[in-house]
Every structure is written in structure tokens, then in C-alpha cells.
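Beneath this line is the structure, given in C-alpha cells, with notes to follow.
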Amino acid sequence: MLKLAKIPFDEEKLEQDFKLFASLLLKADSKYFLYRDFQARNILLHNDDLYFIDYQGGRKGALQYDVASILFQAQINFSASERDELLDHYLDGLTEKIKIKRNDFLIHYYNFALIRLLQTFGAYGF
């Protein structure tokens with residue numbers, strides 16, 4: 001995308017940054033079900049029940065990825081305060097189910113939010 005936009009950059013330094021970033025993402029606990037396409041259009045509401053569709057790409061992964069995917073999806077423009085409120089609600093519910101360290105979760109969450117934004121730039125950058 002940078003090349004197509006003719007934005008100057010040091011390709012070697014960018015590659016090093018991506019390797020460092022990947023190592024940070026890999027530090028997140030990845031033993032959970034990862035939906036991988038968690039967005040509003042894949043959530044249906046019928047008779048007050050939620051249904052999730054299009055999860056054939058699911059696999060084990062980090063919890064932070066899916067919540068970052070839905071809160072930073074391109075089709076919904078959440079404000080920062082709305083995003084924070086929804087994330088707090090998610091974390092409150094999550095801590096009722098499993099034991100997590102909230103601060104550790106958030107460190108990884110923001111890294112996954114960044115990777116989701118980079119994916120969006122890649123998809124819509126053309």
C-alpha cells in the first residue's frame with residue numbers, strides 16, 4: 001500500500017518492525033476459539049436470541065482478536081467512549097467465565113486492534 005501510494009519508507013526497517021510486532025502478538029494466550037470474522041453482519045438476532053454465522057474460518061487464537069475485530073470494524077464508526085464502554089462490558093462478562101489479568105489482556109488487545117486496523121488499510125487501501 002505504501003508503494004502504491006508513493007509514500008517513502010525504509011522497507012528493511014518496516015520488516016524489522018513487523019517481526020517485532022508479530023512477536024508481541026504471539027505472546028498473547030492463544031488457547032481460545034477465535035472466530036476470525038467477528039463483525040456485525042455475522043451476528044443475527046431472532047426472537048431475542050443471538051446467532052453467529054460464517055465461522056468456518058474459526059480456530060484457536062487470542063481472545064483479543066475477535067473483540068478488536070468487532071469494535072474496530074470499518075462498517076461501524078464507534079466513538080472512542082463507545083468502544084471503551086463495550087470493551088469494559090465484554091471484560092466484565094469475560095471475568096465471570098475465566099480468570100484473566102485485565103491489564104495484560106488490554107496490552108494485547110491494543111496490539112490486536114492495531115493489526116485489525118492495518119488489515120483494514122490493506123483491504124481498502126487500493
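Letters for chains follow the order of the C-alpha cells (A, B, ...), residue numbers begin at 1 for each chain, and ligand numbers begin at 1 in the order shown.
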Which parts of chain A does DSSP call strand (DSSP E) when run on the backbone here, written out as an NGL selection string?
:A and (32-34 or 43-46 or 49-52 or 59-61)
Handout entry: Long-range neighbours of stretch 20-37 of chain A as a PyMOL selection string, 12 Å cut-off, only C-alpha atoms, 5 positions minimum in chain
Key = chain A and resi 13-15+42-43+52-70+73+98+100-101+104-116+118
Can you list, as number ranges by chain, every residue of stretch 48-86 of chain A that DSSP puts in helix (DSSP H, G or I)? A: 63-71, 80-86
For the residues in the current selection, export C-alpha atoms as a compact mmCIF listing (two decimals), in the first residue's frame.
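File result.txt, as written:
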```txt
# COMPACT_ATOMS: atom_id res chain seq x y z
CA LEU A 63 -9.49 -13.61 22.77
CA GLN A 64 -8.38 -10.06 22.00
CA TYR A 65 -8.55 -10.56 18.22
CA ASP A 66 -12.31 -11.02 17.95
CA VAL A 67 -13.27 -8.22 20.30
CA ALA A 68 -10.85 -5.89 18.47
CA SER A 69 -12.36 -7.05 15.16
CA ILE A 70 -15.89 -6.09 16.10
CA LEU A 71 -15.03 -2.87 17.92
CA ALA A 80 -13.72 6.02 21.48
CA SER A 81 -16.04 6.22 24.50
CA GLU A 82 -18.49 3.72 22.95
CA ARG A 83 -15.62 1.38 22.19
CA ASP A 84 -14.32 1.67 25.76
CA GLU A 85 -17.78 1.06 27.22
CA LEU A 86 -18.32 -2.04 25.07
```
With distances taken over only C-alpha atoms, the candidate from A:Ala40, A:Leu91, A:Ala123, A:Leu117 nearest A:Gln75 is A:Ala40
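Of the residues under consideration (A:Ser79, A:Ala74, A:Leu50, A:Gly122), A:Gly122 shows the shortest atom-to-atom contact distance to A:Leu2 when counting only C-alpha atoms.
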Atom CA of A:Ile76 to atom CA of A:Gln39 measures 9.3 Å
Atom CA of A:Tyr90 to atom CA of A:Phe78 measures 15.2 Å
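In this model, the gap between atom CA of A:Tyr124 and atom CA of A:Asn77 comes to 15.3 Å.
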